[in-house]
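Peer 1: Just so it is clear, I am handing over work-v3.txt, which has compact mmCIF, C-alpha atoms and all ligand atoms.
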# COMPACT_ATOMS: atom_id res chain seq x y z
CA MET V 1371 52.14 -23.41 37.40
CA LYS V 1372 51.36 -19.85 38.38
CA VAL V 1373 48.21 -18.13 39.63
CA LEU V 1374 47.48 -14.71 38.10
CA LYS V 1375 44.78 -12.56 39.64
CA PHE V 1376 43.38 -9.59 37.75
CA GLY V 1377 41.41 -6.96 39.65
CA GLY V 1378 38.40 -4.89 38.63
CA THR V 1379 40.26 -2.17 36.74
CA SER V 1380 42.36 -4.80 34.95
CA VAL V 1381 39.23 -6.44 33.54
CA GLY V 1382 37.18 -3.24 33.46
CA SER V 1383 37.73 -1.92 29.94
CA VAL V 1384 38.57 -3.05 26.42
CA ASP V 1385 41.99 -1.50 26.71
CA SER V 1386 42.84 -3.19 30.00
CA LEU V 1387 41.45 -6.57 28.91
CA LEU V 1388 43.72 -6.52 25.87
CA LYS V 1389 46.62 -5.92 28.26
CA VAL V 1390 45.46 -8.91 30.32
CA LYS V 1391 45.43 -11.04 27.17
CA ASP V 1392 48.96 -9.97 26.34
CA ILE V 1393 50.21 -10.71 29.85
CA VAL V 1394 48.60 -14.16 29.96
CA GLU V 1395 49.77 -15.10 26.49
CA HIS V 1396 53.37 -14.32 27.38
CA GLN V 1397 53.56 -16.87 30.19
CA ASN V 1398 55.72 -19.93 29.71
CA GLU V 1399 54.03 -22.28 32.14
CA PRO V 1400 50.37 -23.19 32.76
CA VAL V 1401 48.43 -20.43 34.50
CA ILE V 1402 45.25 -20.25 36.52
CA VAL V 1403 43.67 -16.83 35.99
CA VAL V 1404 41.44 -15.51 38.78
CA VAL V 1405 39.25 -12.52 37.93
CA SER V 1406 37.31 -9.86 39.80
CA ALA V 1407 34.11 -8.34 38.46
CA LEU V 1408 34.48 -5.47 35.98
CA GLY V 1409 35.47 -2.42 38.06
CA GLY V 1410 32.43 -0.86 39.73
CA VAL V 1411 30.02 -3.69 38.92
CA THR V 1412 29.93 -5.19 42.43
CA ASN V 1413 28.90 -1.79 43.81
CA GLN V 1414 26.28 -1.46 41.08
CA LEU V 1415 24.86 -4.89 41.91
CA LEU V 1416 24.53 -3.94 45.56
CA ALA V 1417 23.04 -0.55 44.72
CA MET V 1418 20.47 -2.12 42.37
CA THR V 1419 19.48 -4.57 45.11
CA GLU V 1420 18.86 -1.72 47.55
CA LEU V 1421 16.79 0.19 44.98
CA ALA V 1422 14.72 -2.89 44.18
CA LEU V 1423 14.17 -3.51 47.89
CA SER V 1424 12.88 0.02 48.28
CA LYS V 1425 10.47 -0.67 45.37
CA ASP V 1426 12.30 1.82 43.17
CA SER V 1427 12.38 0.69 39.54
CA ALA V 1428 15.29 3.06 38.91
CA TYR V 1429 17.49 -0.04 39.24
CA GLU V 1430 16.47 -0.83 35.65
CA ALA V 1431 18.53 2.05 34.30
CA THR V 1432 21.65 0.73 36.05
CA LEU V 1433 20.87 -2.78 34.84
CA ALA V 1434 20.78 -1.50 31.25
CA LEU V 1435 24.15 0.21 31.77
CA VAL V 1436 25.68 -2.97 33.18
CA ALA V 1437 24.29 -5.01 30.28
CA ASP V 1438 25.53 -2.55 27.65
CA ARG V 1439 28.99 -2.36 29.16
CA HIS V 1440 29.50 -6.14 29.14
CA ILE V 1441 28.03 -6.59 25.66
CA ASP V 1442 30.13 -3.77 24.24
CA ILE V 1443 33.33 -5.21 25.72
CA ILE V 1444 32.59 -8.63 24.23
CA SER V 1445 32.50 -7.19 20.72
CA HIS V 1446 36.01 -5.77 21.19
CA VAL V 1447 37.92 -8.48 23.04
CA VAL V 1448 36.32 -11.85 22.24
CA PRO V 1449 37.37 -13.45 18.93
CA ALA V 1450 34.63 -13.24 16.27
CA ASP V 1451 33.84 -16.97 16.26
CA ARG V 1452 33.04 -16.98 19.99
CA GLN V 1453 31.19 -13.69 20.24
CA THR V 1454 27.66 -14.99 19.71
CA GLU V 1455 28.06 -17.67 22.38
CA CYS V 1456 29.55 -15.17 24.82
CA ARG V 1457 26.89 -12.54 24.14
CA GLU V 1458 24.13 -15.11 24.61
CA PHE V 1459 25.53 -16.30 27.93
CA VAL V 1460 26.03 -12.79 29.29
CA GLY V 1461 22.69 -11.53 27.93
CA GLU V 1462 20.81 -14.49 29.41
CA PHE V 1463 22.46 -14.04 32.79
CA ILE V 1464 21.71 -10.34 32.99
CA ASN V 1465 18.30 -10.20 31.35
CA SER V 1466 16.85 -13.39 32.83
CA SER V 1467 18.58 -14.39 36.05
CA LEU V 1468 19.69 -11.01 37.41
CA ALA V 1469 16.72 -9.01 36.13
CA GLY V 1470 14.39 -11.71 37.45
CA MET V 1471 15.80 -11.57 40.96
CA LEU V 1472 15.71 -7.78 41.07
CA ARG V 1473 12.13 -7.75 39.80
CA MET V 1474 11.15 -10.28 42.44
CA LEU V 1475 12.62 -8.05 45.16
CA CYS V 1476 10.94 -4.97 43.71
CA LEU V 1477 7.46 -6.45 43.34
CA ASN V 1478 7.18 -8.59 46.47
CA ASP V 1479 7.69 -8.36 50.19
CA VAL V 1480 10.36 -10.98 50.40
CA PRO V 1481 11.18 -12.36 53.90
CA ALA V 1482 14.44 -11.06 55.37
CA ASP V 1483 16.31 -14.37 55.31
CA ILE V 1484 15.50 -14.87 51.65
CA VAL V 1485 16.55 -11.28 50.88
CA GLU V 1486 19.90 -12.09 52.53
CA ASP V 1487 20.38 -15.13 50.29
CA MET V 1488 19.29 -13.23 47.19
CA ARG V 1489 21.68 -10.40 47.97
CA LYS V 1490 24.56 -12.88 48.04
CA SER V 1491 23.42 -14.43 44.76
CA ILE V 1492 23.11 -11.04 43.08
CA VAL V 1493 26.52 -9.83 44.27
CA SER V 1494 28.12 -12.96 42.78
CA PHE V 1495 27.01 -12.08 39.25
CA GLY V 1496 29.89 -9.66 38.62
CA GLU V 1497 32.52 -12.38 38.70
CA ILE V 1498 30.34 -14.84 36.75
CA LEU V 1499 30.05 -12.28 33.94
CA SER V 1500 33.67 -11.11 33.90
CA SER V 1501 34.99 -14.68 33.98
CA ALA V 1502 32.79 -15.64 31.02
CA ILE V 1503 34.28 -12.81 28.97
CA VAL V 1504 37.87 -13.52 30.03
CA THR V 1505 37.45 -17.27 29.39
CA MET V 1506 36.19 -16.63 25.88
CA MET V 1507 38.79 -13.95 25.23
CA LEU V 1508 41.63 -16.31 26.16
CA ASP V 1509 40.01 -19.49 24.81
CA ALA V 1510 40.67 -20.89 28.28
CA THR V 1511 39.30 -23.77 30.33
CA PRO V 1512 36.61 -22.48 32.72
CA ARG V 1513 36.34 -23.56 36.36
CA PHE V 1514 33.47 -22.62 38.67
CA ALA V 1515 35.01 -21.30 41.88
CA PRO V 1516 32.04 -22.06 44.19
CA GLY V 1517 32.65 -25.71 43.33
CA PHE V 1518 35.84 -25.58 45.40
CA ILE V 1519 35.79 -22.34 47.47
CA LYS V 1520 33.55 -23.21 50.42
CA THR V 1521 32.42 -21.21 53.41
CA LYS V 1522 30.72 -22.16 56.64
CA ARG V 1523 28.61 -20.14 59.08
CA SER V 1524 30.47 -18.87 62.11
CA GLY V 1525 29.36 -16.09 64.43
CA GLY V 1526 26.60 -15.13 62.00
CA GLU V 1527 29.05 -14.73 59.12
CA ASP V 1528 30.31 -16.72 56.16
CA VAL V 1529 33.90 -17.71 56.81
CA LEU V 1530 36.22 -19.84 54.72
CA ASP V 1531 36.09 -23.59 55.33
CA ALA V 1532 39.85 -23.78 54.88
CA GLU V 1533 40.41 -27.52 55.11
CA LEU V 1534 37.57 -28.47 52.77
CA THR V 1535 38.55 -25.74 50.30
CA ARG V 1536 42.16 -26.91 50.20
CA ARG V 1537 41.07 -30.49 49.54
CA LEU V 1538 38.59 -29.49 46.85
CA ILE V 1539 41.09 -27.24 45.04
CA LYS V 1540 43.56 -30.12 44.93
CA SER V 1541 41.03 -32.50 43.45
CA GLU V 1542 39.57 -29.90 41.05
CA PHE V 1543 42.98 -29.05 39.59
CA GLY V 1544 44.66 -32.45 40.00
CA GLY V 1545 46.32 -34.00 36.95
CA THR V 1546 47.77 -32.09 34.03
CA LEU V 1547 46.73 -28.46 33.90
CA PRO V 1548 45.59 -26.90 30.64
CA THR V 1549 47.70 -23.96 29.42
CA THR V 1550 45.14 -21.43 30.66
CA THR V 1551 42.36 -21.90 33.18
CA VAL V 1552 40.01 -19.09 34.21
CA THR V 1553 38.03 -18.93 37.42
CA GLN V 1554 36.18 -16.37 39.55
CA GLY V 1555 37.57 -14.60 42.57
CA PHE V 1556 35.43 -13.66 45.57
CA ILE V 1557 32.51 -16.06 45.09
CA ALA V 1558 31.90 -19.22 47.07
CA HIS V 1559 29.23 -21.66 48.20
CA ASP V 1560 28.18 -22.59 51.69
CA ALA V 1561 29.58 -26.08 52.36
CA ALA V 1562 26.38 -27.31 54.03
CA THR V 1563 23.65 -25.71 51.91
CA ASP V 1564 25.40 -24.95 48.60
CA LYS V 1565 23.93 -21.44 48.73
CA ASP V 1566 25.83 -18.53 47.16
CA THR V 1567 28.28 -16.85 49.54
CA ASN V 1568 31.52 -14.91 49.17
CA LEU V 1569 34.85 -14.17 50.82
CA GLY V 1570 34.05 -10.51 51.56
CA ARG V 1571 34.64 -7.33 49.57
CA GLY V 1572 38.01 -7.46 47.86
CA GLY V 1573 37.99 -11.24 48.28
CA SER V 1574 39.34 -12.12 44.84
CA ASP V 1575 42.92 -11.75 46.04
CA TYR V 1576 42.14 -14.27 48.76
CA THR V 1577 40.69 -16.79 46.27
CA ALA V 1578 43.88 -16.53 44.21
CA ALA V 1579 46.08 -17.06 47.28
CA LEU V 1580 44.05 -20.09 48.36
CA ILE V 1581 44.48 -21.70 44.94
CA ALA V 1582 48.19 -20.84 44.80
CA ALA V 1583 48.76 -22.33 48.26
CA ALA V 1584 46.72 -25.51 47.76
CA LEU V 1585 48.50 -26.26 44.48
CA GLU V 1586 51.91 -25.02 45.66
CA ALA V 1587 52.17 -22.71 42.66
CA THR V 1588 55.58 -21.42 41.61
CA ALA V 1589 54.22 -17.90 42.12
CA LEU V 1590 51.14 -15.84 42.77
CA GLU V 1591 50.82 -12.61 40.79
CA ILE V 1592 48.31 -9.97 41.82
CA TRP V 1593 47.78 -7.69 38.82
CA THR V 1594 46.25 -4.35 39.75
CA ASP V 1595 46.26 -0.67 38.75
CA VAL V 1596 49.21 0.51 40.84
CA ASP V 1597 52.90 -0.42 40.60
CA GLY V 1598 52.93 -2.45 43.82
CA PHE V 1599 53.02 -1.74 47.55
CA LEU V 1600 53.90 1.89 48.20
CA SER V 1601 55.37 3.31 51.39
CA ALA V 1602 52.04 5.09 52.02
CA ASP V 1603 48.73 5.71 50.28
CA PRO V 1604 49.76 7.94 47.35
CA ARG V 1605 46.49 9.88 47.58
CA VAL V 1606 47.59 11.05 51.03
CA VAL V 1607 51.37 11.03 50.53
CA PRO V 1608 52.22 11.95 46.94
CA GLU V 1609 55.94 11.28 47.51
CA ALA V 1610 55.30 7.68 48.65
CA ARG V 1611 57.76 5.30 47.01
CA LEU V 1612 57.44 1.84 45.57
CA ILE V 1613 58.62 -0.94 47.88
CA SER V 1614 60.44 -3.48 45.72
CA LYS V 1615 60.48 -6.35 48.21
CA LEU V 1616 58.68 -7.28 51.40
CA SER V 1617 58.88 -10.25 53.72
CA PHE V 1618 55.59 -12.08 54.24
CA ALA V 1619 55.49 -10.65 57.76
CA GLN V 1620 56.06 -7.09 56.55
CA ALA V 1621 53.34 -7.46 53.92
CA GLU V 1622 50.96 -8.93 56.46
CA ASP V 1623 51.57 -6.04 58.86
CA LEU V 1624 50.96 -3.51 56.07
CA CYS V 1625 47.72 -5.23 55.05
CA ASN V 1626 46.49 -5.57 58.62
CA GLY V 1627 47.43 -1.93 59.20
CA GLY V 1628 45.09 -0.82 56.42
CA ALA V 1629 47.02 -1.00 53.11
CA LYS V 1630 44.34 -1.50 50.48
CA VAL V 1631 46.42 -2.82 47.62
CA VAL V 1632 45.89 -6.43 48.71
CA TYR V 1633 42.94 -7.83 50.73
CA TYR V 1634 44.38 -8.51 54.19
CA PRO V 1635 43.68 -12.28 54.58
CA THR V 1636 45.56 -12.96 51.32
CA ILE V 1637 49.07 -13.15 52.77
CA ALA V 1638 48.59 -15.95 55.33
CA PRO V 1639 48.04 -18.85 52.88
CA VAL V 1640 51.02 -17.90 50.69
CA ARG V 1641 53.20 -17.18 53.73
CA ASP V 1642 52.59 -20.65 55.12
CA LEU V 1643 53.81 -22.28 51.89
CA ARG V 1644 56.38 -19.56 51.12
CA ILE V 1645 54.96 -18.89 47.68
CA PRO V 1646 56.62 -15.87 46.06
CA THR V 1647 53.88 -13.28 45.54
CA TRP V 1648 54.14 -10.37 43.14
CA VAL V 1649 52.01 -7.26 43.04
CA LYS V 1650 52.18 -5.80 39.56
CA ASN V 1651 50.57 -3.12 37.40
CA THR V 1652 48.52 -4.40 34.44
CA PHE V 1653 48.91 -1.00 32.80
CA ARG V 1654 52.71 -0.95 33.20
CA PRO V 1655 53.70 -4.62 33.06
CA ASP V 1656 57.40 -3.78 32.62
CA VAL V 1657 57.60 -2.20 36.09
CA THR V 1658 59.00 -4.91 38.37
CA GLY V 1659 56.41 -4.34 41.11
CA THR V 1660 56.66 -5.65 44.67
CA LEU V 1661 57.91 -9.12 45.49
CA ILE V 1662 56.57 -10.56 48.75
CA GLY V 1663 58.75 -13.47 49.82
CA ASP V 1664 61.41 -14.62 52.23
CA GLU V 1665 63.56 -11.52 51.86
CA MET V 1666 62.55 -8.48 53.81
CA SER V 1667 62.78 -4.88 52.80
CA THR V 1668 65.82 -3.40 54.50
CA GLU V 1669 64.61 0.17 54.11
CA ALA V 1670 64.18 2.00 57.39
CA VAL V 1671 60.75 3.17 56.31
CA VAL V 1672 58.93 0.30 54.73
CA GLY V 1673 55.49 1.78 55.01
CA VAL V 1674 53.01 3.83 57.00
CA THR V 1675 49.37 2.76 56.88
CA SER V 1676 46.24 3.72 58.73
CA LYS V 1677 42.98 2.09 59.67
CA ASP V 1678 40.23 3.64 61.81
CA ASP V 1679 42.06 5.57 64.54
CA THR V 1680 45.37 3.68 64.27
CA VAL V 1681 48.55 4.25 62.31
CA THR V 1682 50.97 1.38 61.68
CA VAL V 1683 54.63 1.88 60.86
CA VAL V 1684 56.37 -1.11 59.25
CA THR V 1685 60.17 -1.23 59.37
CA ARG V 1686 63.10 -3.63 59.25
CA VAL V 1687 63.05 -6.49 61.74
CA ASP V 1688 66.08 -5.20 63.63
CA ALA V 1689 64.88 -1.61 63.94
CA ASP V 1690 64.62 -0.32 67.50
CA LEU V 1691 60.85 -0.06 67.57
CA ALA V 1692 60.56 1.23 71.12
CA LEU V 1693 62.93 4.08 70.31
CA LEU V 1694 61.17 4.77 67.04
CA ALA V 1695 57.74 4.86 68.69
CA ASP V 1696 59.07 7.18 71.41
CA GLU V 1697 60.58 9.54 68.90
CA LEU V 1698 57.43 9.60 66.77
CA MET V 1699 55.28 10.28 69.82
CA ARG V 1700 57.55 13.10 70.92
CA ARG V 1701 57.78 14.70 67.48
CA LEU V 1702 54.05 14.47 66.85
CA MET V 1703 53.23 15.73 70.33
CA SER V 1704 55.11 18.90 69.45
CA GLU V 1705 52.63 19.29 66.59
CA GLY V 1706 49.75 18.84 69.02
CA ILE V 1707 49.02 15.24 68.02
CA GLY V 1708 48.74 12.66 70.78
CA LEU V 1709 49.55 9.00 70.12
CA ILE V 1710 49.92 5.87 72.22
CA PRO V 1711 51.46 2.57 71.08
CA VAL V 1712 48.87 -0.22 71.12
CA ALA V 1713 50.47 -3.16 69.30
CA ARG V 1714 53.85 -4.37 68.16
CA THR V 1715 55.23 -7.15 65.96
CA PRO V 1716 58.95 -7.83 65.29
CA GLN V 1717 58.79 -5.36 62.37
CA SER V 1718 55.99 -2.94 63.10
CA VAL V 1719 54.45 -0.72 65.67
CA THR V 1720 50.81 0.41 65.75
CA LEU V 1721 49.87 3.66 67.47
CA ARG V 1722 46.43 4.91 68.34
CA LEU V 1723 45.58 8.51 67.55
CA LEU V 1724 44.17 10.33 70.55
CA ASN V 1725 43.20 13.30 68.43
CA GLY V 1726 43.75 14.36 64.85
CA GLN V 1727 43.04 12.61 61.61
CA ALA V 1728 45.00 9.76 60.05
CA ALA V 1729 44.98 11.77 56.80
CA THR V 1730 47.19 14.42 58.42
CA VAL V 1731 49.22 12.13 60.67
CA VAL V 1732 50.27 9.66 57.95
CA PRO V 1733 52.05 12.27 55.76
CA LEU V 1734 53.71 13.79 58.81
CA MET V 1735 54.95 10.43 60.02
CA HIS V 1736 56.12 9.44 56.57
CA LYS V 1737 58.17 12.65 56.44
CA LEU V 1738 59.62 12.20 59.92
CA LEU V 1739 60.59 8.63 59.17
CA LEU V 1740 62.36 9.62 55.97
CA GLU V 1741 64.36 12.23 57.90
CA HIS V 1742 65.17 9.54 60.45
CA GLU V 1743 66.72 7.27 57.76
N1 LIG C 1 34.26 -7.90 43.06
C1 LIG C 1 34.48 -8.00 44.48
C2 LIG C 1 34.52 -6.62 45.11
O1 LIG C 1 34.36 -5.64 44.42
C3 LIG C 1 35.69 -8.80 44.81
C4 LIG C 1 37.02 -8.25 44.33
O2 LIG C 1 37.05 -7.42 43.43
O3 LIG C 1 38.04 -8.68 44.84
O4 LIG C 1 34.67 -6.52 46.28
MG MG C 2 41.11 -5.55 45.32
Show me the file's structure as structure tokens.
Ligand code: ASP
Ligand code: MG
Peer 2:
Amino acid sequence: MKVLKFGGTSVGSVDSLLKVKDIVEHQNEPVIVVVSALGGVTNQLLAMTELALSKDSAYEATLALVADRHIDIISHVVPADRQTECREFVGEFINSSLAGMLRMLCLNDVPADIVEDMRKSIVSFGEILSSAIVTMMLDATPRFAPGFIKTKRSGGEDVLDAELTRRLIKSEFGGTLPTTTVTQGFIAHDAATDKDTNLGRGGSDYTAALIAAALEATALEIWTDVDGFLSADPRVVPEARLISKLSFAQAEDLCNGGAKVVYYPTIAPVRDLRIPTWVKNTFRPDVTGTLIGDEMSTEAVVGVTSKDDTVTVVTRVDADLALLADELMRRLMSEGIGLIPVARTPQSVTLRLLNGQAATVVPLMHKLLLEHE
């Protein structure tokens, strides 16, 4: 059994959904498909909530756009005999449940704690809607993720209840798996109150990893809109190259260092059970992508990432990191950029920028490291 996660762009258009269908239908073992909301919808849900809270009925225009987009997609990807059912479900959810909550926020002075709960309910609609469409498109067995992805309150936040979640996933998916199961990423319930919660923005990757780990899947595949992990953010470093393999530790350091391709908590569950994890491009399924597993990348420059005022360089395990950090500091100092090392793992070093912008330092470092190779 494999777990396949499709992100917002992968489920965001007719064209991409047909690619998803093709990918899923070419699998030769049972799959659990985890979906994000249609690309952009989570942001729209949050924006509509803010408008409604400020008593601005302009949210209605966005709501109409969201409704039209989902309904239009249904008519192109869902087989004819299931379209009415799918349209009714999606229409009811948007025009009754979602519209009702937004109207309530717009027309009343709702107490802050209830607003907080309603915000979490509203933001969960994106995955409910996308999963309904994907389930019908694939004629799959649906599973409701908040039934087994549970959070608890800690430090004023919703955090995963890992032990309970693992147990519930095992009982939910115990026995023989259907060929295709579809569930939602991101969304959860509070273990104590059963209220709507979530795993944080980008959390669908994490849901998929939790399922893959609990069921000891043969693989986790994260299907996105880029070819895999790149050696740097291609918007900042156009010559960044695809990294074909990464150890779990290297991937974790890249994610913690700010790589956006995978949500950072995703690696830990699959690392613990050593589940091979692929990052692949829905739009170019023939490209091999990145394999995260036991084998590390042996390239001298695995990746350069940045987050806030830090830059992280990930390398081979046996690289001389102290020497590398020294050389980088010296070379960048000659360009007027001050850096100090602040953290190290066996395969990475993180430096804090004393001045200058990550957007200029990352390309420079990437270039220096390539010369160093
Ligand atoms: N839809 C959620 C978000 O936009 C979760 C995800 O896509 O992973 O953050
Ligand atoms: Mg994502």
Peer 1: Rank V:Cys1456, V:Ala1422, V:Ala1510, V:Thr1567 by their smallest atom-to-atom distance to Asp1479 (chain V), using only C-alpha atoms, and report the top residue only.
Peer 2: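 Comparing V:Cys1456, V:Ala1422, V:Ala1510, V:Thr1567 against Asp1479 (chain V), the winner is V:Ala1422.
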Peer 1: Residues near region 1639-1641 of chain V, anyone? I mean within 7 Å using only C-alpha atoms, not counting same-chain ones fewer than 2 positions away, as a count of residues only.
Peer 2: 9
Peer 1: At a cut-off of 9 Å, using only C-alpha atoms, what residues contact region 1472-1474 of chain V? Leave out same-chain residues fewer than 3 positions from it and give the result as a list in words.
Peer 2: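 Those residues are Met1418, Thr1419, Leu1421, Ala1422, Leu1423, Ser1427, Tyr1429, Glu1430, Ser1467, Leu1468, Ala1469, Leu1477, Asn1478, Asp1479, Val1480, Met1488 and Ile1492 of chain V.
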Peer 1: Just checking: using all atoms listed in the file, which residue out of V:Ala1437, V:Ala1729, V:Val1607, V:Ile1484 ends up closest to Arg1457 (chain V)?
Peer 2: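 Under the stated criterion, the closest residue is V:Ala1437.
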Peer 1: Any idea what's packed within 9 Å of Val1712 (chain V), counting only C-alpha atoms, ignoring anything in its chain fewer than 6 positions away? Could you give it as a list in words?
Peer 2: Thr1680, Val1719, Thr1720, Leu1721 and Arg1722 of chain V
Peer 1: Give me, please, the distance in Å between CA of Val1552 (chain V) and CA of Gly1572 (chain V), quoted to one decimal.
Peer 2: 18.0 Å
Peer 1: I'd like to know which of V:Leu1693, V:Val1485, V:Val1493, V:Ala1450 is closest to ligand LIG 1 (chain C), using all atoms listed in the file.
Peer 2: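 Of all the options, V:Val1493 lies closest to ligand LIG 1 (chain C).
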Peer 1: Would you mind listing, for every residue of chain V within 10 Å of ligand LIG 1 (chain C), the two atoms forming the shortest contact and the distance between them in Å to one decimal, using all atoms listed in the file, sorted by chain and ascending residue number, as JSON lines?
Peer 2:
{"residue": "V:Lys1375", "atom": "CA", "partner": "C:LIG1", "partner_atom": "O3", "distance": 9.4}
{"residue": "V:Phe1376", "atom": "CA", "partner": "C:LIG1", "partner_atom": "O2", "distance": 8.8}
{"residue": "V:Gly1377", "atom": "CA", "partner": "C:LIG1", "partner_atom": "O2", "distance": 5.8}
{"residue": "V:Gly1378", "atom": "CA", "partner": "C:LIG1", "partner_atom": "O2", "distance": 5.6}
{"residue": "V:Thr1379", "atom": "CA", "partner": "C:LIG1", "partner_atom": "O2", "distance": 9.1}
{"residue": "V:Val1404", "atom": "CA", "partner": "C:LIG1", "partner_atom": "O3", "distance": 9.7}
{"residue": "V:Val1405", "atom": "CA", "partner": "C:LIG1", "partner_atom": "O2", "distance": 7.8}
{"residue": "V:Ser1406", "atom": "CA", "partner": "C:LIG1", "partner_atom": "O2", "distance": 4.4}
{"residue": "V:Ala1407", "atom": "CA", "partner": "C:LIG1", "partner_atom": "N1", "distance": 4.6}
{"residue": "V:Leu1408", "atom": "CA", "partner": "C:LIG1", "partner_atom": "N1", "distance": 7.5}
{"residue": "V:Gly1409", "atom": "CA", "partner": "C:LIG1", "partner_atom": "O1", "distance": 7.2}
{"residue": "V:Gly1410", "atom": "CA", "partner": "C:LIG1", "partner_atom": "O1", "distance": 7.0}
{"residue": "V:Val1411", "atom": "CA", "partner": "C:LIG1", "partner_atom": "N1", "distance": 7.3}
{"residue": "V:Thr1412", "atom": "CA", "partner": "C:LIG1", "partner_atom": "O1", "distance": 4.9}
{"residue": "V:Asn1413", "atom": "CA", "partner": "C:LIG1", "partner_atom": "O1", "distance": 6.7}
{"residue": "V:Gln1414", "atom": "CA", "partner": "C:LIG1", "partner_atom": "O1", "distance": 9.7}
{"residue": "V:Leu1415", "atom": "CA", "partner": "C:LIG1", "partner_atom": "O1", "distance": 9.9}
{"residue": "V:Val1493", "atom": "CA", "partner": "C:LIG1", "partner_atom": "N1", "distance": 8.1}
{"residue": "V:Ser1494", "atom": "CA", "partner": "C:LIG1", "partner_atom": "N1", "distance": 8.0}
{"residue": "V:Phe1495", "atom": "CA", "partner": "C:LIG1", "partner_atom": "N1", "distance": 9.2}
{"residue": "V:Gly1496", "atom": "CA", "partner": "C:LIG1", "partner_atom": "N1", "distance": 6.5}
{"residue": "V:Glu1497", "atom": "CA", "partner": "C:LIG1", "partner_atom": "N1", "distance": 6.5}
{"residue": "V:Ser1500", "atom": "CA", "partner": "C:LIG1", "partner_atom": "N1", "distance": 9.7}
{"residue": "V:Gln1554", "atom": "CA", "partner": "C:LIG1", "partner_atom": "C3", "distance": 9.2}
{"residue": "V:Gly1555", "atom": "CA", "partner": "C:LIG1", "partner_atom": "O3", "distance": 6.4}
{"residue": "V:Phe1556", "atom": "CA", "partner": "C:LIG1", "partner_atom": "C3", "distance": 4.9}
{"residue": "V:Ile1557", "atom": "CA", "partner": "C:LIG1", "partner_atom": "C3", "distance": 7.9}
{"residue": "V:Asn1568", "atom": "CA", "partner": "C:LIG1", "partner_atom": "C3", "distance": 8.6}
{"residue": "V:Leu1569", "atom": "CA", "partner": "C:LIG1", "partner_atom": "C3", "distance": 8.1}
{"residue": "V:Gly1570", "atom": "CA", "partner": "C:LIG1", "partner_atom": "O4", "distance": 6.6}
{"residue": "V:Arg1571", "atom": "CA", "partner": "C:LIG1", "partner_atom": "O4", "distance": 3.4}
{"residue": "V:Gly1572", "atom": "CA", "partner": "C:LIG1", "partner_atom": "O3", "distance": 3.3}
{"residue": "V:Gly1573", "atom": "CA", "partner": "C:LIG1", "partner_atom": "O3", "distance": 4.3}
{"residue": "V:Ser1574", "atom": "CA", "partner": "C:LIG1", "partner_atom": "O3", "distance": 3.7}
{"residue": "V:Asp1575", "atom": "CA", "partner": "C:LIG1", "partner_atom": "O3", "distance": 5.9}
{"residue": "V:Tyr1576", "atom": "CA", "partner": "C:LIG1", "partner_atom": "O3", "distance": 8.0}
{"residue": "V:Thr1577", "atom": "CA", "partner": "C:LIG1", "partner_atom": "O3", "distance": 8.7}
{"residue": "V:Ala1578", "atom": "CA", "partner": "C:LIG1", "partner_atom": "O3", "distance": 9.8}
{"residue": "V:Val1632", "atom": "CA", "partner": "C:LIG1", "partner_atom": "O3", "distance": 9.0}
{"residue": "V:Tyr1633", "atom": "CA", "partner": "C:LIG1", "partner_atom": "O3", "distance": 7.7}
Peer 1: To box region 1371-1390 of chain V, take all atoms listed in the file, fit an axis-aligned box, add 3 Å on each side, and give centre and edge lengths in Å to one decimal, as lines of an AutoDock Vina configuration file.
Peer 2:
center_x = 44.7
center_y = -12.5
center_z = 32.8
size_x = 21.0
size_y = 27.9
size_z = 19.8
Peer 1: For Arg1605 (chain V), please output as a list in words all residues within 12 Å (counting only C-alpha atoms; exclusion window: fewer than 2 positions along the same chain).
Peer 2: Val1596, Leu1600, Ser1601, Ala1602, Asp1603, Val1607, Pro1608, Glu1609, Ala1610, Lys1630, Ala1729, Thr1730, Val1732 and Pro1733 of chain V
Peer 1: When you count all atoms listed in the file, which of these residues is closest to Thr1505 (chain V): V:Ala1482, V:Ile1592, V:Ile1710, V:Ile1444?
Peer 2: V:Ile1444
Peer 1: How would region 1479-1483 of chain V read, as a PDB file, in the frame of the given file, once N, CA, C and O atoms are built in?
Peer 2:
ATOM      1  N   ASP V1479       7.087  -8.537  48.876  1.00  0.00           N
ATOM      2  CA  ASP V1479       7.690  -8.360  50.190  1.00  0.00           C
ATOM      3  C   ASP V1479       8.364  -9.669  50.560  1.00  0.00           C
ATOM      4  O   ASP V1479       7.736 -10.587  51.079  1.00  0.00           O
ATOM      5  N   VAL V1480       9.617  -9.732  50.236  1.00  0.00           N
ATOM      6  CA  VAL V1480      10.360 -10.980  50.400  1.00  0.00           C
ATOM      7  C   VAL V1480      10.862 -11.057  51.854  1.00  0.00           C
ATOM      8  O   VAL V1480      11.401 -10.082  52.369  1.00  0.00           O
ATOM      9  N   PRO V1481      10.707 -12.214  52.514  1.00  0.00           N
ATOM     10  CA  PRO V1481      11.180 -12.360  53.900  1.00  0.00           C
ATOM     11  C   PRO V1481      12.680 -12.090  54.024  1.00  0.00           C
ATOM     12  O   PRO V1481      13.449 -12.381  53.099  1.00  0.00           O
ATOM     13  N   ALA V1482      13.067 -11.534  55.163  1.00  0.00           N
ATOM     14  CA  ALA V1482      14.440 -11.060  55.370  1.00  0.00           C
ATOM     15  C   ALA V1482      15.509 -12.121  55.080  1.00  0.00           C
ATOM     16  O   ALA V1482      16.545 -11.810  54.488  1.00  0.00           O
ATOM     17  N   ASP V1483      15.251 -13.360  55.520  1.00  0.00           N
ATOM     18  CA  ASP V1483      16.310 -14.370  55.310  1.00  0.00           C
ATOM     19  C   ASP V1483      16.489 -14.682  53.831  1.00  0.00           C
ATOM     20  O   ASP V1483      17.604 -14.939  53.363  1.00  0.00           O
TER      21      ASP V1483
END
